[in-house]
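Trainee: My structure is below; once you've seen it, I'll send some questions.
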Amino acid sequence: MQKSIRQSMAWLHSWTGLIFGWLLFAIFLMGSLSYYRHDISLWMQPSLAHIQVNQDTAIQTAYQYLEQHAPDAKTWFMNVANEQKPVNQIYWQRSDGAYENKTLNPNTGQELNLAKTQGGDFFYQLHFQLFGVPILVGRLIVSLAAFIMLIALISGVITHKKILTDFFTLRAFKGQRSYLDFHNVSSVIALPFFLTITFTGLAIFFYLYLPWGMQKLYPENNFQYFEEINAKITPKIENNSPAQMQSIHNLMQPLQREWGKTEYSTINVKNPNTEQAQITFTEAKDHSITRNQAQITLNAVTGEKLSSTKNDSAIATLNAGVYGLHMATFAQPLLRLVLFFSGLLGCVMVASGLLLWSLKRQLQTKTEKSHVGHYLVQRLNISAIIGLPIAVLGYFYANRIGLLIQSSQNYEVMSFFIIWLSIFGMSLCIKKQYLWKINLGIFIALAFLLPIFNFFILLQQNLIQGLVEFWPFFKIDLFMIIFALLAIFLYRNITPIQHKAQSRIRTKLKIVEPEHKEEGC
Amino acid sequence: MNILVSFLFILLGVWGLYRISEKQIKKTRLSKWSILLVYPQTTRVVCLLSLILALFIFIQKEGASIGFVSFWIFSTPLIFIFILSMNELKSFQK
Amino acid sequence: MISSTVQYHFTVLYRFILPFLLGYACTALLASNLTVLFYLLFPKAEAIYLAAFISILFFVSFVISSFCIHSLPKLSLISISLTTGLAAIYWIAG
């Protein structure tokens with residue numbers, strides 16, 4: 001046990017950071033990408049890019065489709081098409097309790113047969129429930145990682161003695177000190193973001209690792225909790241008889257008077273085509289962090305405005321706020337970009353911590369003899385820090401190659417994991433001095449080639465006619481180019497960084513060797 | 001426009017706090033900004049007020065909750081760029 | 001006679017198991033007890049959420065505090081007493 005609290009916290013910070021560091025890096029990177037998951041999905045479904053969305057038409061077609069195909073459903077739910085997601089996604093609960101869903105063209109109401117790609121949702125799901133493990137297990141692992149992250153953040157703050165004094169300090173190309181400064185700067189300047197995102201992530205999944213409250217108070221149906229935390233308890237409906245609902249055009253009149261011209265997010269109909277039918281319109285614009293978009297509920301038969309069923313108690317608002325802060329649906333484009341930057345800063349924080357750990361251990365070993373543990377840590381570091389971004393690029397390439405060969409099967413996810421594993425396998429066989437240069441080189445090449453490859457594939461598939469139509473896709477490609485430029489900066493400077501570290505190690509060994517020689521005599 | 005003004009206030013506040021920070025105080029004393037050290041506590045208060053003003057502008061534009069969150073989120077890249085620009089980042093490769 | 005290295009590893013293992021496992025047990029008991037308490041003041045869903053929210057903060061504090069306590073016997077005594085106390089309240093509350 002360490003002598004002081006600071007030393008104990010430093011020890012705790014190092015070991016919790018190392019054990020979960022690689023997983024946390026992946027979670028942070030996937031979470032950052034999730035801020036743009038709709039844009040990524042659109043990039044990966046280029047056939048949707050041409051759909052011009054008119055929300056009035058979209059609502060009309062979705063409503064008509066449900067009236068035709070699910071007139072006796074228990075509930076209808078419509079995710080109205082918008083610029084980011086130009087398709088109507090509709091869900092309904094059949095009278096037997098089972099759920100169905102369809103994706104429709106917002107202009108024609110036709111069912112869409114989309115390409116079998118998960119798009120940005122793959123990153124989103126990987127972020128909070130991993131892949132290849134049961135959903136519950138994945139979410140529990142991520143919750144544990146989030147908890148460890150919170151411990152690491154707090155222990156890091158306690159350890160960092162001169163948190164205010166060193167706030168502006170960043171020494172570059174000075175070996176261990178540079179790694180430490182970079183780790184400190186990236187952690188401290190976005191500390192409010194990291195604490196918030198970690199705690200809210202943990203609080204969202206409380207029901208998985210602390211289920212006893214729900215089991216105690218909702219013994220028949222644990223998930224009744226979710227209905228009651230989001231909506232006020234409404235009396236059960238008895239003797240509900242069929243009735244004709246008003247047309248969607250009539251139902252939207254009071255909304256247009258109250259909200260004017262606005263964008264809609266969702267439309268929910270409870271007990272459609274019955275006397276108790278209720279329709280709830282939710283506005284897209286989010287004016288608060290508590291996901292409290294404007295909502296109007298009407299009696300779908302009479303058109304009478306009903307009181308809101310949203311649970312607006314203080315604790316329900318806290319729950320909504322926790323969820324809203326993590327999901328950041330309130331974030332406008334510039335704020336979303338900065339949140340993405342903050343997420344990447346989290347990756348930098350974890351990466352610099354892992355590299356610092358590795359370098360410190362090299363400095364602490366008394367001989368140049370390689371250590372299996374350190375060897376593995378170095379290879380895992382490179383596989384996470386550079387290998388994972390390469391795998392992400394591979395995911396995008398697999399999408400475009402699938403488009404080119406018009407494959408009915410989807411190999412994007414498989415490509416992602418094969419590439420990631422290959423990078424790890426390759427790193428195990430490469431000497432330490434070439435690790436970074438080779439992996440960075442691969443990343444730079446792939447990142448620069450992707451926009452060019454993307455452009456030619458889209459042109460070849462007649463999905464675009466020229467540069468103007470390429471712009472919606474180039475917005476994502478621009479990020480690739482920026483990251484490629486950043487990788488070039490790292491590539492050019494990795495040699496002096498490694499030289500500094502190696503000279504420090506050799507100096508240390510020279511100091512240690514004379515001591516050993518004396519002991520041997 | 002408002003958002004740019006907020007950014008300026010944040011940068012102003014951060015710059016002032018940097019100038020009177022423990023590690024920079026010697027350099028500031030010898031520079032043209034030594035006036036900031038005449039009343040360092042006042043300078044500190046002014047810098048914090050500048051940050052509060054930025055927060056107020058965000059709140060006025062976006063509402064209380066989003067404005068408060070925006071202030072902290074937007075501060076991050078501004079402070080990061082500020083730190084990168086204030087520190088010597090060149091390598092001395094032989 | 002156990003070597004000092006093996007003893008150190010056992011100490012480390014114990015120091016991890018105690019805060020994390022016993023801490024989790026304490027947290028689970030606290031969450032249940034708080035749920036029952038808050039149900040007297042709030043509706044069901046609100047009581048559950050508030051209890052869980054506070055319990056998460058408790059778990060974090062428990063783990064951090066455990067690593068601040070130097071003496072293992074003292075740490076064990078505090079942890080076991082806390083768990084026993086919460087278990088007793090849980091048993092009484094039903």
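Chains: A, B, ... in order of the structure tokens. Residues: from 1 per chain. Ligands: from 1, in order shown.
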Taking the chain letters and numbering used in this document, name the residues of segment 294-478 of chain A that DSSP puts in alpha helix (DSSP H), as a ChimeraX atom specification.
Mentor: /A:314-327,333-364,372-382,388-405,412-429,432-460,467-478
Trainee: Excluding same-chain residues fewer than 5 positions from Leu84 of chain B, what lies within 12 Å of it counting only C-alpha atoms, as a PyMOL selection string?
Mentor: (chain A and resi 167-172+181-182+185-186) or (chain B and resi 77-79+89-90)
Trainee: What's around Phe479 of chain A at 10 Å? Count only C-alpha atoms, leave out sequence neighbours fewer than 5 positions away in its own chain, and write the answer as a list in words.
Mentor: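 Returned residues: Ala447, Pro451, Phe474, Ala484 and Leu485 of chain A.
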Trainee: If we count only C-alpha atoms, what is near segment 1-5 of chain B at a cut-off of 8 Å, once residues fewer than 6 positions away on the same chain are taken out, given as a ChimeraX atom specification?
Mentor: /B:54,57-58,61
Trainee: Filtering to C-alpha atoms, could you give me those residues as a PDB file, in the first residue's frame?
Mentor:
```
ATOM      1  CA  ALA B  54     -19.471  34.774 -21.997  1.00  0.00           C
ATOM      2  CA  ILE B  57     -24.305  35.554 -23.615  1.00  0.00           C
ATOM      3  CA  PHE B  58     -24.687  31.813 -24.204  1.00  0.00           C
ATOM      4  CA  LYS B  61     -28.939  33.017 -26.853  1.00  0.00           C
TER       5      LYS B  61
END
```
Trainee: Extract, using only C-alpha atoms, all DNA, RNA and protein residues at most 10 Å from Tyr264 of chain A, discarding same-chain residues fewer than 4 positions from it, and format them as a list in words.
Mentor: Gln55, Asp56, Ile59, Asn79, Val80, Ala81, Asn82, Phe281, Thr282, Glu283, Ala284, Lys285, Gln293, Ala294 and Gln295 of chain A
Trainee: My list of candidates is B:Ile66, B:Glu22, B:Phe74, B:Leu11. Which is closest to His287 of chain A when distances are computed with only C-alpha atoms?
Mentor: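 For His287 of chain A, the nearest of the given residues is B:Ile66.
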Trainee: Do you have the atom CA of Gln45 of chain A-atom CA of Phe25 of chain A distance handy?
Mentor: 27.5 Å
Trainee: One number please: atom CA of Ala277 of chain A to atom CA of Tyr218 of chain A, in Å, one decimal.
Mentor: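 Interatomic distance, atom CA of Ala277 of chain A to atom CA of Tyr218 of chain A: 26.9 Å.
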Trainee: Residues of chain B were defined as contacting chain A if any atom lay at most 10 Å from it, counting only C-alpha atoms; please report them as a PyMOL selection string.
Mentor: chain B and resi 14+17-18+21-24+62-67+69-80+82-84+86-94
Trainee: So which residues touch Ala51 of chain C within 7 Å, counting only C-alpha atoms, skipping near sequence neighbours fewer than 6 positions away, as a PyMOL selection string?
Mentor: chain C and resi 31+34-35
Trainee: Include N, CA and C atoms and write out the residues we just selected as a PDB file, in the first residue's frame.
Mentor:
```
ATOM      1  N   ALA C  31     -29.443   0.899  -2.356  1.00  0.00           N
ATOM      2  CA  ALA C  31     -30.432   1.204  -3.398  1.00  0.00           C
ATOM      3  C   ALA C  31     -31.813   0.666  -2.986  1.00  0.00           C
ATOM      4  N   LEU C  34     -33.117   2.718   0.086  1.00  0.00           N
ATOM      5  CA  LEU C  34     -33.526   4.070  -0.312  1.00  0.00           C
ATOM      6  C   LEU C  34     -34.820   4.029  -1.124  1.00  0.00           C
ATOM      7  N   THR C  35     -34.968   2.989  -1.948  1.00  0.00           N
ATOM      8  CA  THR C  35     -36.198   2.843  -2.749  1.00  0.00           C
ATOM      9  C   THR C  35     -37.408   2.770  -1.828  1.00  0.00           C
TER      10      THR C  35
END
```
Trainee: With only C-alpha atoms as the basis for distance, which of C:Val60, C:Leu75, C:Cys68, C:Ile54 is at the shortest distance from Phe20 of chain C?
Mentor: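 Selected residue with least distance to Phe20 of chain C: C:Val60.
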